[in-house]
Amino acid sequence: MPKLISQKNIYNEVVTYKTSTSTSQTVIDSFSKNQFQSAKYQIQVKNANQYQTSEFLVVHDGTSAYIVEYGIINTDSNLASFTSDLSGTSVRLLATPSSATETKFTLVRKAINA
């Protein structure tokens, strides 16, 4: 469940925790396309004693969502891959874990108002 840690007139900041036990694509976060135009994510992924962290920028034009990942670092190999899309009125961040064992996602989202 997302935890709101800051909300100002132009942006909000949320921390989210999600766990997956499959290699299927799963939604790890979403925000309203009507309320927010873009977001910056810092994500930490944990699987057993392995870790991965990176940052993402996501923006949408009302029809499509666009994502770029940067600052990728891991302790062994990539634990998940990421993409974004629009579904109804939501911009979604999706993750595909590379292992079916328990994979934990912790992310911080800073979203800027539309």
# chains A, B, ... in the order shown; residues from 1 in each chain; ligands from 1

call {"tool": "select_by_dssp", "arguments": {"residues": "chain A", "states": "strand (DSSP E)", "output": "PyMOL selection string"}}
result
chain A and resi 3-7+11-20+26-32+36-47+50-60+65-74+80-87+90-97+103-113

call {"tool": "residues_around", "arguments": {"residues": "region 68-70 of chain A", "least_positions_apart": "3", "cutoff": "6 Å", "atoms": "only C-alpha atoms", "output": "PyMOL selection string"}}
result
chain A and resi 55-57

call {"tool": "residues_around", "arguments": {"residues": "Glu102 (chain A)", "least_positions_apart": "3", "cutoff": "12 Å", "atoms": "only C-alpha atoms", "output": "PyMOL selection string"}}
result
chain A and resi 18-23+45-50+79-80+97-99+105

call {"tool": "residues_around", "arguments": {"residues": "His60 (chain A)", "least_positions_apart": "3", "cutoff": "10 Å", "atoms": "only C-alpha atoms", "output": "list in words"}}
result
Lys33, Phe36, Gln37, Ser38, Ala39, Thr63, Ser64, Ala65, Tyr66, Ile67, Ser84, Asp85, Leu86, Val91 and Ala114 of chain A
